[in-house]
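So the structure is just underneath, and the comments pick up after that.
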Amino acid sequence: MTDDALLARTKDLVREETRVTTEIPHHLREIESRKLFCALGFSSPFEYAVKELGYSESAALLRIDSMRLLKELPHVEAQIQSLEGKSSRESDRALLALSPEPEKHRPESVRPVSSELSEVRFLASDELLKDLEKLKGLLAHKYPDMNFSDLISYLSKAALKDLDPAQRQVRDKCSPIASEVKPATRPDGVRQAIPAEVQRQVWQRDGSRCTFIHPETGRRCESRFRLQIDHIIPVKLKGSNDLSNLRILCREHNAWEAARVYGISKIRPFWVKRS
Ligand SMILES: [Zn+2]
């Protein structure tokens with residue numbers, strides 16, 4: 001390759017790099033609106049970008065940021081077109097700079113720093129900081145050297161005792177035992193609530209985590225966010241409130257399963273944007 005050809009080729013490659021960089025957020029946006037990450041067993045486009053596409057967390061964040069910007073600020077689209085000819089790093093920066101409050105668009109992040117420790121990044125309001133300092137003060141007699149991490153760990157344990165369905169004590173001693181098969185609807189068609197003890201056992205058995213498994217890859221969804229108890233055979237199709245008919249799903253996979261069971265056409269208008 002001659003010097004001139006080398007220089008020209010490099011310029012072409014950089015132009016191509018920029019084109020690809022600005023096109024990827026559009027594709028991610030479409031993948032999000034079609035919920036394709038869900039079909040693959042991921043609970044978010046970010047998780048998909050890291051685990052399936054192989055981006056580093058920071059690279060994935062930047063692309064998801066850009067994707068959200070496109071969604072929230074449609075006028076950004078025209079400005080993105082003007083990024084042609086800039087290097088990919090410059091266009092990344094320019095994408096972020098288009099946001100009136102770039103910090104707001106940066107998702108909270110968790111970055112592993114050792115096999116057992118992670119650095120967590122999030123924005124705290126003045127009010128939250130004041131409350132945390134106040135709590136540190138109140139706990140100081142018992143835990144004089146508490147740092148933010150200790151405090152959040154203390155608060156999490158206290159909150160989980162109350163909120164984690166798998167840890168919740170059954171107050172009603174008369175609640176039916178789990179092995180008892182209970183129809184989810186009475187003969188007159190009225191829907192019956194899942195007994196508290198059965199609910200607790202579902203949460204415990206499924207480890208308070210989404211149980212969706214991708215049929216081909218065998219990958220289990222890792223989401224612990226917005227979990228719901230799902231009837232495997234739906235109540236409408238005479239599914240029971242029995243432990244074996246219940247499972248934990250995240251919101252995305254609950255919607256995904258509903259679409260599968262009832263046919264995608266019924267559900268589609270609510271959560272899939274038509275192209
Ligand atoms: Zn899930």
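Labels used: A, B, ... for chains in the order of the structure tokens, numbers from 1 for residues in each chain, and numbers from 1 for ligands as shown.
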Item to complete: For range 240-246 of chain A, work out the shell of residues within 12 Å, counting only C-alpha atoms and skipping chain neighbours fewer than 3 positions away, then give it as a ChimeraX atom specification.
Response: /A:176-186,191-206,210-211,228-237,249
Write out the residues from the selection above, keeping C-alpha atoms, as a PDB file, in the first residue's frame.
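The resulting file, selection35.pdb, is shown below:
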ATOM      1  CA  PRO A 176     -53.364 -23.414  53.927  1.00  0.00           C
ATOM      2  CA  ILE A 177     -50.249 -25.504  53.453  1.00  0.00           C
ATOM      3  CA  ALA A 178     -48.558 -25.378  50.079  1.00  0.00           C
ATOM      4  CA  SER A 179     -49.198 -28.972  49.077  1.00  0.00           C
ATOM      5  CA  GLU A 180     -52.925 -28.371  49.147  1.00  0.00           C
ATOM      6  CA  VAL A 181     -54.130 -27.755  45.577  1.00  0.00           C
ATOM      7  CA  LYS A 182     -56.293 -24.677  45.569  1.00  0.00           C
ATOM      8  CA  PRO A 183     -58.209 -23.614  42.472  1.00  0.00           C
ATOM      9  CA  ALA A 184     -57.464 -19.990  41.589  1.00  0.00           C
ATOM     10  CA  THR A 185     -61.155 -19.344  40.995  1.00  0.00           C
ATOM     11  CA  ARG A 186     -64.188 -20.345  43.031  1.00  0.00           C
ATOM     12  CA  ARG A 191     -60.714 -15.109  41.515  1.00  0.00           C
ATOM     13  CA  GLN A 192     -59.048 -16.343  44.711  1.00  0.00           C
ATOM     14  CA  ALA A 193     -55.937 -14.688  46.118  1.00  0.00           C
ATOM     15  CA  ILE A 194     -52.800 -16.848  46.366  1.00  0.00           C
ATOM     16  CA  PRO A 195     -52.498 -17.829  50.063  1.00  0.00           C
ATOM     17  CA  ALA A 196     -49.720 -15.923  51.886  1.00  0.00           C
ATOM     18  CA  GLU A 197     -47.814 -19.090  52.795  1.00  0.00           C
ATOM     19  CA  VAL A 198     -47.848 -20.325  49.178  1.00  0.00           C
ATOM     20  CA  GLN A 199     -46.619 -16.892  48.029  1.00  0.00           C
ATOM     21  CA  ARG A 200     -43.755 -17.065  50.525  1.00  0.00           C
ATOM     22  CA  GLN A 201     -42.789 -20.533  49.302  1.00  0.00           C
ATOM     23  CA  VAL A 202     -42.772 -19.430  45.647  1.00  0.00           C
ATOM     24  CA  TRP A 203     -40.424 -16.532  46.486  1.00  0.00           C
ATOM     25  CA  GLN A 204     -38.181 -18.790  48.511  1.00  0.00           C
ATOM     26  CA  ARG A 205     -38.057 -21.620  45.953  1.00  0.00           C
ATOM     27  CA  ASP A 206     -37.296 -19.251  43.050  1.00  0.00           C
ATOM     28  CA  CYS A 210     -36.996 -14.089  37.584  1.00  0.00           C
ATOM     29  CA  THR A 211     -37.231 -17.732  36.418  1.00  0.00           C
ATOM     30  CA  GLN A 228     -44.323 -10.752  40.059  1.00  0.00           C
ATOM     31  CA  ILE A 229     -45.861 -14.139  40.797  1.00  0.00           C
ATOM     32  CA  ASP A 230     -47.083 -15.637  37.524  1.00  0.00           C
ATOM     33  CA  HIS A 231     -49.526 -18.484  36.962  1.00  0.00           C
ATOM     34  CA  ILE A 232     -47.857 -20.921  34.497  1.00  0.00           C
ATOM     35  CA  ILE A 233     -51.311 -22.072  33.363  1.00  0.00           C
ATOM     36  CA  PRO A 234     -53.223 -18.781  33.539  1.00  0.00           C
ATOM     37  CA  VAL A 235     -56.180 -18.377  35.898  1.00  0.00           C
ATOM     38  CA  LYS A 236     -58.339 -17.671  32.837  1.00  0.00           C
ATOM     39  CA  LEU A 237     -57.447 -21.143  31.526  1.00  0.00           C
ATOM     40  CA  LEU A 249     -41.124 -13.524  36.587  1.00  0.00           C
TER      41      LEU A 249
END
Residues up to 6 Å from ligand 1, counting only C-alpha atoms and all ligand atoms: could you list those as a compact mmCIF listing (two decimals) with N, CA, C and O atoms, in the first residue's frame?
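See part_17.txt below for the written result:
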# COMPACT_ATOMS: atom_id res chain seq x y z
N SER A 43 -33.03 -8.84 30.86
CA SER A 43 -34.11 -8.03 31.42
C SER A 43 -34.00 -6.57 31.02
O SER A 43 -34.86 -5.78 31.35
N CYS A 210 -36.22 -13.69 38.76
CA CYS A 210 -37.00 -14.09 37.58
C CYS A 210 -36.58 -15.51 37.16
O CYS A 210 -35.40 -15.85 37.17
N PHE A 212 -37.37 -16.90 34.11
CA PHE A 212 -37.40 -17.09 32.65
C PHE A 212 -36.09 -17.71 32.17
O PHE A 212 -35.01 -17.24 32.50
N CYS A 221 -32.84 -15.52 33.18
CA CYS A 221 -32.87 -14.06 33.38
C CYS A 221 -32.37 -13.75 34.80
O CYS A 221 -32.69 -14.46 35.74
N SER A 223 -32.87 -10.89 36.44
CA SER A 223 -33.57 -9.73 37.02
C SER A 223 -34.15 -10.03 38.41
O SER A 223 -34.72 -11.09 38.65
N LEU A 249 -41.61 -14.11 37.84
CA LEU A 249 -41.12 -13.52 36.59
C LEU A 249 -40.93 -12.02 36.78
O LEU A 249 -41.64 -11.40 37.56
N CYS A 250 -39.96 -11.44 36.06
CA CYS A 250 -39.83 -9.99 36.07
C CYS A 250 -40.95 -9.43 35.18
O CYS A 250 -41.59 -10.17 34.44
N HIS A 253 -40.61 -10.20 31.41
CA HIS A 253 -40.87 -11.58 31.00
C HIS A 253 -42.30 -12.02 31.29
O HIS A 253 -42.82 -12.92 30.63
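Pairwise distance (CA of Leu7 in chain A, CA of Arg19 in chain A) equals 18.7 Å.
Shortest atom-to-atom contact with Gly207 in chain A among A:Leu227, A:Trp256, A:Tyr55, A:Leu70: A:Leu227, counting only C-alpha atoms.
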Please provide the set of residues having any atom within 8 Å of His26 in chain A, restricted to only C-alpha atoms, with same-chain residues fewer than 3 positions apart removed, written as an mmCIF file with N, CA, C and O atoms, in the first residue's frame.
data_model
loop_
_atom_site.group_PDB
_atom_site.id
_atom_site.type_symbol
_atom_site.label_atom_id
_atom_site.label_comp_id
_atom_site.auth_asym_id
_atom_site.auth_seq_id
_atom_site.Cartn_x
_atom_site.Cartn_y
_atom_site.Cartn_z
ATOM 1 N N THR A 22 -23.008 6.130 15.035
ATOM 2 C CA THR A 22 -24.268 6.878 15.128
ATOM 3 C C THR A 22 -25.469 5.994 14.769
ATOM 4 O O THR A 22 -26.590 6.306 15.116
ATOM 5 N N GLU A 23 -25.218 4.883 14.111
ATOM 6 C CA GLU A 23 -26.331 4.012 13.714
ATOM 7 C C GLU A 23 -26.727 3.049 14.834
ATOM 8 O O GLU A 23 -27.881 2.654 14.935
ATOM 9 N N ARG A 29 -32.469 1.149 19.959
ATOM 10 C CA ARG A 29 -33.785 1.700 20.253
ATOM 11 C C ARG A 29 -34.879 0.793 19.670
ATOM 12 O O ARG A 29 -35.896 0.523 20.291
ATOM 13 N N GLU A 30 -34.654 0.325 18.482
ATOM 14 C CA GLU A 30 -35.631 -0.553 17.828
ATOM 15 C C GLU A 30 -35.704 -1.907 18.546
ATOM 16 O O GLU A 30 -36.773 -2.471 18.739
ATOM 17 N N MET A 67 -29.235 6.135 23.046
ATOM 18 C CA MET A 67 -30.520 5.591 22.644
ATOM 19 C C MET A 67 -31.657 6.317 23.367
ATOM 20 O O MET A 67 -32.649 6.699 22.771
ATOM 21 N N LEU A 70 -32.221 9.792 22.069
ATOM 22 C CA LEU A 70 -32.982 9.780 20.815
ATOM 23 C C LEU A 70 -34.472 9.695 21.101
ATOM 24 O O LEU A 70 -35.286 10.305 20.419
#
Worksheet item: Given the choices A:Ser149, A:Ala255, A:Arg15, A:Val20, which gets closest to Glu119 in chain A if the distance is worked out from only C-alpha atoms?
Response: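 When distances to Glu119 in chain A are compared using only C-alpha atoms, the smallest one comes from A:Ser149.
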Worksheet item: Running DSSP on the backbone, which parts of range 178-231 of chain A land in strand (DSSP E), as a VMD selection string?
Response: chain A and resid 227 to 231
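Using only C-alpha atoms, the smallest distance between any of A:Leu139, A:Leu129, A:Ala124, A:Leu61 and Val110 in chain A comes from A:Leu61.
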Worksheet item: When distances are computed from only C-alpha atoms, which of A:Asp126, A:Arg209, A:Lys35, A:Ser44 shows the smallest separation from Ala259 in chain A?
Response: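 Smallest distance to Ala259 in chain A is found for A:Lys35.
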Discussion item. I need the residue nearest Gln167 in chain A from this list: A:Val14, A:Leu155, A:Ser208, A:Glu133. Use only C-alpha atoms for the distance.
Written reply: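 For Gln167 in chain A, the nearest of the candidates is A:Ser208.
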Worksheet item: Taking only C-alpha atoms into account, which of A:Ala60, A:Arg68, A:Lys157, A:Phe148 comes nearest Lys134 in chain A?
Response: A:Phe148
Fill in: 12 Å contact set for Pro215 in chain A, only C-alpha atoms, chain neighbours under 6 positions out, as a list in words
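Near neighbours after the sequence-gap exclusion: Ala39, Leu40, Gly41 and Cys221 of chain A.
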Please produce a file of the residues just selected, as an mmCIF file, in the first residue's frame, where the atoms kept are C-alpha atoms.
data_model
loop_
_atom_site.group_PDB
_atom_site.id
_atom_site.type_symbol
_atom_site.label_atom_id
_atom_site.label_comp_id
_atom_site.auth_asym_id
_atom_site.auth_seq_id
_atom_site.Cartn_x
_atom_site.Cartn_y
_atom_site.Cartn_z
ATOM 1 C CA ALA A 39 -36.802 -12.900 23.992
ATOM 2 C CA LEU A 40 -33.117 -13.667 24.547
ATOM 3 C CA GLY A 41 -33.577 -13.818 28.312
ATOM 4 C CA CYS A 221 -32.875 -14.058 33.385
#
